[in-house]
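target.csv (CSV, C-alpha atoms) appears below.
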chain,number,residue,atom,x,y,z
A,1,MET,CA,-96.8,103.2,-12.2
A,2,SER,CA,-99.9,105.0,-10.9
A,3,ILE,CA,-103.3,103.7,-9.9
A,4,PHE,CA,-104.7,104.6,-13.3
A,5,SER,CA,-102.3,102.4,-15.2
A,6,TYR,CA,-104.0,99.4,-13.6
A,7,LEU,CA,-107.2,100.3,-15.3
A,8,LEU,CA,-105.7,100.4,-18.8
A,9,PRO,CA,-105.3,97.2,-20.9
A,10,LYS,CA,-102.0,95.6,-20.2
A,11,LYS,CA,-99.4,95.7,-23.0
A,12,GLN,CA,-96.9,92.8,-23.1
A,13,SER,CA,-93.6,93.9,-21.6
A,14,SER,CA,-90.6,94.2,-23.9
A,15,ALA,CA,-88.7,91.8,-21.6
A,16,SER,CA,-91.3,89.0,-22.1
A,17,VAL,CA,-91.2,89.6,-25.8
A,18,ALA,CA,-87.4,89.2,-25.7
A,19,LYS,CA,-87.8,86.0,-23.6
A,20,GLU,CA,-90.2,84.4,-26.1
A,21,ARG,CA,-88.1,85.3,-29.1
A,22,LEU,CA,-85.0,84.0,-27.4
A,23,GLN,CA,-86.6,80.7,-26.4
A,24,ILE,CA,-87.6,80.0,-30.0
A,25,ILE,CA,-84.3,80.9,-31.6
A,26,VAL,CA,-82.2,79.2,-29.0
A,27,ALA,CA,-84.2,76.0,-29.3
A,28,ARG,CA,-83.9,76.1,-33.1
A,29,GLU,CA,-80.1,76.7,-33.0
A,30,ARG,CA,-79.6,74.0,-30.5
A,31,SER,CA,-81.4,71.4,-32.7
A,32,THR,CA,-78.7,71.8,-35.4
A,33,ARG,CA,-75.8,72.1,-33.0
A,34,GLY,CA,-73.3,69.3,-32.8
A,35,GLY,CA,-74.5,67.8,-36.0
A,36,PRO,CA,-72.1,67.1,-38.8
A,37,ASP,CA,-70.8,70.1,-40.8
A,38,TYR,CA,-71.9,68.5,-44.0
A,39,LEU,CA,-75.6,68.9,-43.4
A,40,PRO,CA,-76.1,72.2,-45.2
A,41,GLN,CA,-74.2,71.0,-48.2
A,42,LEU,CA,-76.1,67.7,-48.2
A,43,GLN,CA,-79.3,69.7,-48.2
A,44,GLU,CA,-78.1,71.8,-51.2
A,45,GLU,CA,-77.0,68.7,-53.2
A,46,LEU,CA,-80.2,66.8,-52.5
A,47,LEU,CA,-82.1,69.8,-53.6
A,48,GLN,CA,-80.2,69.9,-56.9
A,49,VAL,CA,-81.0,66.2,-57.5
A,50,VAL,CA,-84.7,66.6,-56.8
A,51,ARG,CA,-84.8,69.7,-59.0
A,52,LYS,CA,-83.6,67.7,-62.0
A,53,TYR,CA,-87.0,66.0,-61.9
A,54,VAL,CA,-89.4,68.3,-60.0
A,55,PRO,CA,-89.3,72.1,-59.7
A,56,VAL,CA,-89.1,72.6,-55.9
A,57,ASP,CA,-88.4,75.7,-53.8
A,58,GLN,CA,-85.2,76.3,-51.8
A,59,ASP,CA,-87.1,75.8,-48.6
A,60,ALA,CA,-89.0,72.7,-49.7
A,61,VAL,CA,-86.2,70.5,-48.4
A,62,ASN,CA,-86.0,70.1,-44.7
A,63,ILE,CA,-83.2,68.0,-43.0
A,64,GLN,CA,-83.2,67.2,-39.4
A,65,LEU,CA,-80.8,65.1,-37.4
A,66,ASP,CA,-82.2,63.5,-34.2
A,67,ARG,CA,-80.4,61.6,-31.6
A,68,GLU,CA,-82.1,58.8,-29.8
A,69,SER,CA,-80.5,56.4,-27.4
A,70,GLY,CA,-77.4,55.4,-29.3
A,71,CYS,CA,-78.7,55.9,-32.8
A,72,GLU,CA,-79.0,58.9,-35.1
A,73,ILE,CA,-81.9,59.5,-37.4
A,74,LEU,CA,-81.5,61.6,-40.4
A,75,GLU,CA,-84.9,62.9,-41.4
A,76,LEU,CA,-85.5,64.2,-44.8
A,77,ASN,CA,-88.6,66.0,-45.8
A,78,ILE,CA,-89.3,67.2,-49.4
A,79,THR,CA,-92.5,69.1,-50.1
A,80,LEU,CA,-93.4,68.6,-53.7
A,81,PRO,CA,-95.4,71.3,-55.5
A,82,GLU,CA,-99.1,70.4,-56.0
A,83,GLU,CA,-99.2,69.9,-59.7
A,84,ALA,CA,-96.1,67.6,-59.7
A,85,ALA,CA,-97.6,65.4,-57.0
A,86,GLN,CA,-100.5,64.5,-59.1
B,1,MET,CA,-52.8,71.5,-9.3
B,2,THR,CA,-53.2,74.5,-11.7
B,3,LYS,CA,-56.7,75.3,-12.7
B,4,ILE,CA,-57.4,76.9,-16.1
B,5,VAL,CA,-60.5,79.1,-16.3
B,6,VAL,CA,-61.8,80.7,-19.5
B,7,VAL,CA,-63.8,83.9,-19.3
B,8,THR,CA,-65.9,84.0,-22.4
B,9,SER,CA,-69.2,85.3,-24.0
B,10,GLY,CA,-69.3,85.2,-27.7
B,11,LYS,CA,-70.5,88.8,-27.9
B,12,GLY,CA,-68.1,91.7,-27.4
B,13,GLY,CA,-68.4,94.5,-24.9
B,14,VAL,CA,-70.3,92.5,-22.3
B,15,GLY,CA,-67.6,92.6,-19.6
B,16,LYS,CA,-65.2,89.8,-20.2
B,17,THR,CA,-62.1,91.8,-19.5
B,18,THR,CA,-63.6,93.5,-16.5
B,19,THR,CA,-64.6,90.1,-15.2
B,20,SER,CA,-61.2,88.5,-15.9
B,21,ALA,CA,-59.5,91.3,-14.1
B,22,ALA,CA,-61.9,91.1,-11.1
B,23,LEU,CA,-61.8,87.3,-10.9
B,24,ALA,CA,-58.0,87.1,-11.1
B,25,THR,CA,-57.6,89.9,-8.5
B,26,GLY,CA,-60.1,88.3,-6.2
B,27,LEU,CA,-58.4,84.9,-6.3
B,28,ALA,CA,-55.0,86.5,-5.7
B,29,LEU,CA,-56.4,88.5,-2.8
B,30,ARG,CA,-57.4,85.2,-1.3
B,31,GLY,CA,-53.8,84.0,-1.6
B,32,PHE,CA,-54.0,82.0,-4.8
B,33,LYS,CA,-51.1,82.5,-7.2
B,34,THR,CA,-52.9,83.7,-10.3
B,35,THR,CA,-52.0,84.7,-13.8
B,36,VAL,CA,-54.5,86.4,-16.1
B,37,ILE,CA,-53.8,86.1,-19.8
B,38,ASP,CA,-55.2,88.3,-22.6
B,39,PHE,CA,-56.0,86.2,-25.6
B,40,ASP,CA,-57.2,89.1,-27.7
B,41,VAL,CA,-54.2,89.1,-30.0
B,42,GLY,CA,-54.2,92.4,-32.0
B,43,LEU,CA,-56.5,94.2,-29.6
B,44,ARG,CA,-55.0,94.0,-26.2
B,45,ASN,CA,-56.8,95.8,-23.4
B,46,LEU,CA,-56.4,93.8,-20.3
B,47,ASP,CA,-53.2,95.7,-19.6
B,48,LEU,CA,-55.2,98.9,-19.4
B,49,ILE,CA,-57.9,97.5,-17.1
B,50,MET,CA,-55.2,96.1,-14.8
B,51,GLY,CA,-53.2,99.4,-15.0
B,52,CYS,CA,-49.9,97.9,-16.2
B,53,GLU,CA,-50.0,99.2,-19.8
B,54,ARG,CA,-46.7,101.0,-19.4
B,55,ARG,CA,-44.8,98.0,-18.0
B,56,VAL,CA,-45.5,95.7,-21.0
B,57,VAL,CA,-42.2,94.4,-22.5
B,58,TYR,CA,-43.1,90.9,-23.7
B,59,ASP,CA,-46.4,89.3,-24.6
B,60,LEU,CA,-48.2,86.0,-25.1
B,61,VAL,CA,-46.9,85.6,-28.6
B,62,ASN,CA,-43.3,86.3,-27.6
B,63,VAL,CA,-43.5,83.4,-25.1
B,64,ILE,CA,-45.1,81.1,-27.7
B,65,ASN,CA,-42.3,82.0,-30.2
B,66,GLY,CA,-39.6,81.6,-27.6
B,67,ASP,CA,-38.5,85.3,-27.7
B,68,ALA,CA,-38.9,85.4,-23.9
B,69,ASN,CA,-39.5,82.9,-21.2
B,70,ILE,CA,-42.6,83.0,-19.0
B,71,LYS,CA,-40.8,84.6,-16.0
B,72,GLN,CA,-39.6,87.5,-18.2
B,73,ALA,CA,-43.0,88.0,-19.8
B,74,VAL,CA,-45.4,88.0,-17.0
B,75,ILE,CA,-46.0,91.4,-15.2
B,76,LYS,CA,-46.2,91.3,-11.5
B,77,ASP,CA,-49.1,93.4,-10.2
B,78,LYS,CA,-48.0,96.3,-8.0
B,79,LYS,CA,-51.1,96.4,-5.8
B,80,VAL,CA,-51.9,92.8,-5.2
B,81,ASP,CA,-49.5,90.0,-4.2
B,82,ASN,CA,-49.7,86.7,-6.1
B,83,LEU,CA,-51.2,88.4,-9.2
B,84,PHE,CA,-49.5,88.3,-12.6
B,85,ILE,CA,-50.6,89.6,-16.0
B,86,LEU,CA,-49.6,88.2,-19.4
B,87,PRO,CA,-50.6,90.7,-22.1
B,88,ALA,CA,-51.7,90.0,-25.7
B,89,SER,CA,-49.5,91.0,-28.6
B,90,GLN,CA,-50.7,94.1,-30.4
B,91,THR,CA,-48.9,93.6,-33.7
B,92,ARG,CA,-49.2,89.9,-34.6
B,93,ASP,CA,-52.3,88.3,-36.0
B,94,LYS,CA,-54.2,85.6,-34.2
B,95,ASP,CA,-52.7,82.8,-36.3
B,96,ALA,CA,-49.7,83.2,-34.1
B,97,LEU,CA,-51.7,81.3,-31.4
B,98,SER,CA,-50.9,77.6,-32.1
B,99,GLN,CA,-52.4,74.9,-29.9
B,100,GLU,CA,-48.9,73.6,-29.1
B,101,GLY,CA,-47.7,77.1,-28.3
B,102,VAL,CA,-50.6,77.8,-25.9
B,103,GLU,CA,-50.2,74.5,-24.2
B,104,GLY,CA,-46.5,75.3,-23.7
B,105,VAL,CA,-47.4,78.6,-22.0
B,106,PHE,CA,-49.8,76.8,-19.7
B,107,ARG,CA,-47.1,74.2,-18.9
B,108,ALA,CA,-44.6,76.9,-18.1
B,109,LEU,CA,-47.1,78.7,-15.8
B,110,ARG,CA,-47.8,75.4,-14.1
B,111,GLU,CA,-44.3,74.0,-13.8
B,112,ASP,CA,-42.0,77.0,-13.7
B,113,MET,CA,-44.3,79.4,-11.8
B,114,GLU,CA,-46.5,77.1,-9.9
B,115,MET,CA,-49.7,79.0,-10.5
B,116,ASP,CA,-52.9,78.0,-8.7
B,117,TYR,CA,-55.2,79.6,-11.3
B,118,ILE,CA,-54.8,80.7,-14.9
B,119,ILE,CA,-57.6,83.1,-16.0
B,120,CYS,CA,-58.0,83.3,-19.8
B,121,ASP,CA,-59.6,86.5,-21.0
B,122,SER,CA,-61.2,85.4,-24.3
B,123,PRO,CA,-61.6,87.7,-27.2
B,124,ALA,CA,-65.1,88.2,-28.6
B,125,GLY,CA,-66.3,86.0,-31.5
B,126,ILE,CA,-65.8,82.3,-32.1
B,127,GLU,CA,-62.6,82.4,-34.0
B,128,LYS,CA,-59.1,81.1,-33.3
B,129,GLY,CA,-58.3,83.4,-30.3
B,130,ALA,CA,-61.6,82.5,-28.5
B,131,LEU,CA,-61.2,78.8,-29.3
B,132,MET,CA,-57.6,78.8,-28.1
B,133,ALA,CA,-58.6,80.5,-24.8
B,134,ALA,CA,-61.2,77.9,-24.2
B,135,TYR,CA,-59.5,74.7,-25.5
B,136,PHE,CA,-57.4,73.8,-22.4
B,137,ALA,CA,-59.9,75.2,-19.8
B,138,ASP,CA,-61.0,73.2,-16.8
B,139,GLU,CA,-63.8,75.6,-16.1
B,140,ALA,CA,-65.7,78.4,-17.8
B,141,VAL,CA,-67.3,81.6,-16.8
B,142,VAL,CA,-69.8,82.8,-19.4
B,143,VAL,CA,-70.4,86.5,-19.2
B,144,THR,CA,-73.8,87.6,-20.4
B,145,ASN,CA,-75.8,90.9,-20.5
B,146,PRO,CA,-79.6,90.7,-20.0
B,147,GLU,CA,-80.1,91.5,-23.7
B,148,VAL,CA,-81.2,89.3,-26.6
B,149,SER,CA,-78.0,89.2,-28.7
B,150,SER,CA,-75.8,88.6,-25.7
B,151,VAL,CA,-77.9,85.7,-24.5
B,152,ARG,CA,-78.1,84.1,-27.9
B,153,ASP,CA,-74.3,84.4,-28.4
B,154,SER,CA,-73.7,83.0,-24.9
B,155,ASP,CA,-75.9,80.0,-25.8
B,156,ARG,CA,-73.8,79.4,-28.9
B,157,MET,CA,-70.6,79.7,-26.8
B,158,ILE,CA,-71.9,77.2,-24.3
B,159,GLY,CA,-72.4,74.8,-27.2
B,160,ILE,CA,-68.8,75.4,-28.3
B,161,LEU,CA,-67.5,74.8,-24.8
B,162,ALA,CA,-69.4,71.5,-24.8
B,163,SER,CA,-67.7,70.2,-27.9
B,164,LYS,CA,-64.5,72.1,-28.7
B,165,THR,CA,-62.4,71.8,-25.5
B,166,ARG,CA,-59.7,69.2,-24.8
B,167,HIS,CA,-61.9,67.8,-22.1
B,168,ALA,CA,-64.7,67.2,-24.5
B,169,GLU,CA,-62.4,65.8,-27.2
B,170,GLU,CA,-60.9,63.4,-24.8
B,171,GLY,CA,-64.4,62.2,-23.9
B,172,LYS,CA,-64.3,63.5,-20.4
B,173,GLY,CA,-67.6,65.4,-20.9
B,174,ASP,CA,-68.4,69.1,-20.6
B,175,ILE,CA,-66.3,71.4,-18.5
B,176,PRO,CA,-68.3,73.2,-15.7
B,177,ALA,CA,-69.6,76.5,-17.1
B,178,ARG,CA,-71.2,79.1,-14.9
B,179,LEU,CA,-73.1,82.2,-15.8
B,180,LEU,CA,-72.1,85.7,-14.7
B,181,LEU,CA,-74.9,88.2,-15.6
B,182,THR,CA,-73.4,91.7,-15.9
B,183,ARG,CA,-74.9,95.2,-16.3
B,184,TYR,CA,-78.0,94.1,-14.5
B,185,SER,CA,-80.5,96.8,-13.7
B,186,PRO,CA,-83.2,95.6,-11.2
B,187,GLU,CA,-85.2,98.7,-11.7
B,188,ARG,CA,-85.6,98.0,-15.4
B,189,VAL,CA,-86.3,94.4,-14.8
B,190,GLU,CA,-89.1,95.4,-12.4
B,191,LYS,CA,-90.6,97.6,-15.1
B,192,GLY,CA,-90.6,94.8,-17.6
B,193,GLU,CA,-87.9,96.4,-19.7
B,194,MET,CA,-85.1,93.9,-19.1
B,195,LEU,CA,-84.7,90.2,-19.0
B,196,SER,CA,-84.6,89.0,-15.4
B,197,VAL,CA,-81.9,86.7,-13.9
B,198,GLU,CA,-84.5,83.9,-13.9
B,199,ASP,CA,-85.3,84.5,-17.5
B,200,VAL,CA,-81.7,84.3,-18.6
B,201,GLN,CA,-81.0,81.3,-16.4
B,202,GLU,CA,-84.1,79.5,-17.8
B,203,ILE,CA,-82.9,80.0,-21.4
B,204,LEU,CA,-79.2,79.2,-20.9
B,205,ALA,CA,-79.8,76.5,-18.3
B,206,ILE,CA,-76.4,76.8,-16.5
B,207,GLU,CA,-75.5,77.5,-12.9
B,208,LEU,CA,-75.5,81.1,-11.8
B,209,LEU,CA,-72.2,82.4,-10.5
B,210,GLY,CA,-73.2,85.9,-9.9
B,211,VAL,CA,-75.1,89.0,-10.9
B,212,ILE,CA,-73.1,92.3,-11.3
B,213,PRO,CA,-75.3,95.4,-11.2
B,214,GLU,CA,-75.0,98.2,-13.8
B,215,SER,CA,-72.7,100.5,-12.0
B,216,GLN,CA,-70.7,103.7,-12.4
B,217,ALA,CA,-67.9,102.0,-10.4
B,218,VAL,CA,-67.0,99.8,-13.5
B,219,LEU,CA,-66.1,102.8,-15.7
B,220,ASN,CA,-64.4,104.6,-12.8
B,221,ALA,CA,-62.3,101.5,-12.2
B,222,SER,CA,-61.3,101.2,-15.9
B,223,ASN,CA,-60.5,104.9,-16.0
B,224,ALA,CA,-58.1,104.4,-13.1
B,225,GLY,CA,-56.7,101.1,-14.3
B,226,SER,CA,-57.7,99.4,-11.1
B,227,PRO,CA,-59.9,96.2,-11.1
B,228,VAL,CA,-63.3,97.1,-9.8
B,229,ILE,CA,-63.2,94.4,-7.2
B,230,LEU,CA,-60.7,96.6,-5.3
B,231,ASP,CA,-63.4,99.2,-5.0
B,232,THR,CA,-64.8,97.5,-1.9
B,233,ASP,CA,-67.4,100.3,-1.3
B,234,SER,CA,-69.0,99.9,-4.7
B,235,ASP,CA,-72.0,97.6,-5.5
B,236,ALA,CA,-70.1,96.1,-8.5
B,237,GLY,CA,-67.0,95.5,-6.4
B,238,GLN,CA,-69.0,93.7,-3.7
B,239,ALA,CA,-70.9,91.7,-6.3
B,240,TYR,CA,-67.6,90.5,-7.9
B,241,SER,CA,-66.3,89.6,-4.4
B,242,ASP,CA,-69.3,87.5,-3.8
B,243,ALA,CA,-68.9,85.9,-7.3
B,244,VAL,CA,-65.3,85.0,-6.4
B,245,ALA,CA,-66.4,83.4,-3.1
B,246,ARG,CA,-69.0,81.4,-5.0
B,247,PHE,CA,-66.4,80.4,-7.6
B,248,LEU,CA,-64.4,78.9,-4.7
B,249,GLY,CA,-67.4,77.0,-3.5
B,250,ASP,CA,-69.0,79.3,-0.9
B,251,GLN,CA,-72.8,79.4,-0.8
B,252,LEU,CA,-73.9,83.1,-0.8
B,253,PRO,CA,-77.2,84.7,-1.5
B,254,HIS,CA,-77.3,86.9,-4.6
B,255,ARG,CA,-77.3,90.6,-3.8
B,256,PHE,CA,-78.2,93.6,-5.9
B,257,THR,CA,-80.9,91.8,-7.8
B,258,THR,CA,-83.9,93.8,-6.5
B,259,SER,CA,-84.4,97.6,-6.5
B,260,ASN,CA,-85.2,99.5,-3.4
B,261,LYS,CA,-88.9,99.0,-3.2
B,262,LYS,CA,-91.2,102.0,-3.2
B,263,GLY,CA,-93.8,102.2,-0.4
B,264,LEU,CA,-97.6,102.1,-0.9
B,265,PHE,CA,-97.8,105.9,-1.4
B,266,GLY,CA,-95.1,105.8,-4.0
B,267,ARG,CA,-96.7,102.9,-5.9
B,268,LEU,CA,-100.1,104.6,-5.9
B,269,PHE,CA,-99.1,108.1,-6.9
B,270,GLY,CA,-95.5,107.8,-8.1
B,271,GLY,CA,-94.5,107.9,-11.8
Translate the structure of the given file into structure tokens.
Amino acid sequence: MSIFSYLLPKKQSSASVAKERLQIIVARERSTRGGPDYLPQLQEELLQVVRKYVPVDQDAVNIQLDRESGCEILELNITLPEEAAQ
Amino acid sequence: MTKIVVVTSGKGGVGKTTTSAALATGLALRGFKTTVIDFDVGLRNLDLIMGCERRVVYDLVNVINGDANIKQAVIKDKKVDNLFILPASQTRDKDALSQEGVEGVFRALREDMEMDYIICDSPAGIEKGALMAAYFADEAVVVTNPEVSSVRDSDRMIGILASKTRHAEEGKGDIPARLLLTRYSPERVEKGEMLSVEDVQEILAIELLGVIPESQAVLNASNAGSPVILDTDSDAGQAYSDAVARFLGDQLPHRFTTSNKKGLFGRLFGG
């Protein structure tokens, strides 16, 4: 690195891009880890039931399993399309 | 008391076999009776790295199936006392590794051969071979390269270690898992081209066992079939020696993690 490179605008280093990407993906993968294996299937079947009544997208259903001191919370989020919600 | 150590990573090609060979050799050099087992059934390579490929008669699956007893199957190392190698089978598929069978091999190494350490060289991936290598472990060494896919796979493997070992299933909690960062290039880290030790440690959040620099000595060692830890003049050999000392509880500063700094003149005008 020469003296001139200090004068140029700094580009984000590839290592810091790598670190950010890793922190995000690792956090996401950890959140589903250790959960029961039936979660993806549960999500799929719930989606089918909802679809019988409302046309929703594949990613409109969001399941999350949280653990808090001694109890587990299964959180289910279904985003309904706008016209159906009315 | 025999200690079982799994050397694992998830991703392939990061240095599990090199590390298993170095760790086992280092422990044997310190007087511990040690066997290193290749769990990569179908793709054995530890024999080549240890330089005993032409002396293989029986293998891990032979012992599991009762074709040979443990004393017949292990290969005594020619250079280092107290060091034994149990190669993987090349012909069978990995279903040959049953939990009872693997437990029997460990029992025989403990009771018939009075091993101090059993080092399990895990195959890549998270399938049966890798799970069997880890299941009975008392301790784990997670080998990682400072590179995105390796770090992600290591994190996945740390999660598996926390739930799929006998320790975890019996409710005894996680086994201690320590990080060995290999193929580290301080020059590239300083240029912002490679994840630093601190970055990887921050993401994986496990104790650091050692940092092995990217080194020509590793390829030279595998070419020769002599574990790199025996190359005591090399940076990688010395870094592995330090890691073995830390593995046994010594407190040593980490070496080879910074490049030789350039002077002011070099920094101002250098490329």
Using only C-alpha atoms, what table do you get, as a Markdown table, when you list each residue of chain B with an atom no more than 12 Å from chain A, its nearest pair of atoms, and their distance in Å rounded to one decimal, rows by chain then rising number?
| residue | atom | partner | partner_atom | distance |
| --- | --- | --- | --- | --- |
| B:Pro146 | CA | A:Ala15 | CA | 9.3 |
| B:Glu147 | CA | A:Ala18 | CA | 7.9 |
| B:Val148 | CA | A:Ala18 | CA | 6.3 |
| B:Ser149 | CA | A:Leu22 | CA | 8.8 |
| B:Ser150 | CA | A:Leu22 | CA | 10.4 |
| B:Val151 | CA | A:Leu22 | CA | 7.9 |
| B:Arg152 | CA | A:Val26 | CA | 6.5 |
| B:Asp153 | CA | A:Val26 | CA | 9.5 |
| B:Ser154 | CA | A:Val26 | CA | 10.2 |
| B:Asp155 | CA | A:Val26 | CA | 7.1 |
| B:Arg156 | CA | A:Glu29 | CA | 8.0 |
| B:Met157 | CA | A:Arg33 | CA | 11.1 |
| B:Ile158 | CA | A:Arg30 | CA | 10.4 |
| B:Gly159 | CA | A:Arg33 | CA | 7.2 |
| B:Ile160 | CA | A:Gly34 | CA | 8.8 |
| B:Leu161 | CA | A:Gly34 | CA | 11.3 |
| B:Ala162 | CA | A:Gly34 | CA | 9.2 |
| B:Ser163 | CA | A:Gly34 | CA | 7.5 |
| B:Lys164 | CA | A:Gly34 | CA | 10.1 |
| B:Arg188 | CA | A:Ala15 | CA | 9.3 |
| B:Val189 | CA | A:Ala15 | CA | 7.7 |
| B:Glu190 | CA | A:Ala15 | CA | 9.9 |
| B:Lys191 | CA | A:Ser13 | CA | 8.1 |
| B:Gly192 | CA | A:Ser13 | CA | 5.1 |
| B:Glu193 | CA | A:Ala15 | CA | 5.0 |
| B:Met194 | CA | A:Ala15 | CA | 4.9 |
| B:Leu195 | CA | A:Ala15 | CA | 5.0 |
| B:Ser196 | CA | A:Ala15 | CA | 7.9 |
| B:Val197 | CA | A:Lys19 | CA | 11.4 |
| B:Glu198 | CA | A:Lys19 | CA | 10.5 |
| B:Asp199 | CA | A:Lys19 | CA | 6.8 |
| B:Val200 | CA | A:Lys19 | CA | 8.1 |
| B:Gln201 | CA | A:Lys19 | CA | 11.0 |
| B:Glu202 | CA | A:Gln23 | CA | 9.0 |
| B:Ile203 | CA | A:Gln23 | CA | 6.3 |
| B:Leu204 | CA | A:Val26 | CA | 8.6 |
| B:Ala205 | CA | A:Val26 | CA | 11.3 |
| B:Lys262 | CA | A:Met1 | CA | 10.7 |
| B:Leu264 | CA | A:Ser2 | CA | 10.7 |
| B:Phe265 | CA | A:Ser2 | CA | 9.8 |
| B:Gly266 | CA | A:Ser2 | CA | 8.4 |
| B:Arg267 | CA | A:Ser2 | CA | 6.3 |
| B:Leu268 | CA | A:Ser2 | CA | 5.0 |
| B:Phe269 | CA | A:Ser2 | CA | 5.1 |
| B:Gly270 | CA | A:Ser2 | CA | 5.9 |
| B:Gly271 | CA | A:Met1 | CA | 5.2 |
Within 10 Å of Gly13 (chain B), counting all atoms listed in the file, which residues show up once you throw out same-chain ones fewer than 6 positions away? Write them as a list in words, please. Pro123, Ala124, Thr144, Asn145 and Ser150 of chain B
Can you tell me how far CA of Leu27 (chain B) sits from CA of Lys172 (chain B), in Å to one decimal?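 Separating CA of Leu27 (chain B) from CA of Lys172 (chain B) is a distance of 26.3 Å.
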Extract, using only C-alpha atoms, all DNA, RNA and protein residues at most 10 Å from Leu46 (chain A), discarding same-chain residues fewer than 5 positions from it, and format them as a list of chain:residue names.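 In the requested format, the answer is A:Pro40, A:Gln41, A:Arg51, A:Val61, A:Leu76, A:Ile78.
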Expressed in Å to a single decimal, how great is the separation between CA of Val57 (chain B) and CA of Gln72 (chain B)? 8.5 Å
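Our summary of the geometry notes that CA of Asp231 (chain B) is positioned 7.6 Å from CA of Ala217 (chain B).
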Which residues are close to Leu97 (chain B), i.e. within 12 Å by all atoms listed in the file, leaving aside same-chain residues fewer than 4 positions away? Reply as an MDAnalysis selection string. chainID B and resid 38:42 59:65 88:89 92:93 101:105 127:133 135
Close residues, Val142 (chain B) itself excluded, 8 Å, all atoms listed in the file, min 2 positions apart in chain, as a PyMOL selection string: chain B and resi 7-9+140+144+154+158+177-180
With distances taken over all atoms listed in the file, which of B:Val211, B:Ala21, B:Ala224, B:Val218 is nearest to Pro253 (chain B)? B:Val211
Which residues come within 8 Å of Val36 (chain B), counting all atoms listed in the file, excluding same-chain residues fewer than 6 positions away, as number ranges by chain? B: 20-21, 24, 83-86, 118-121
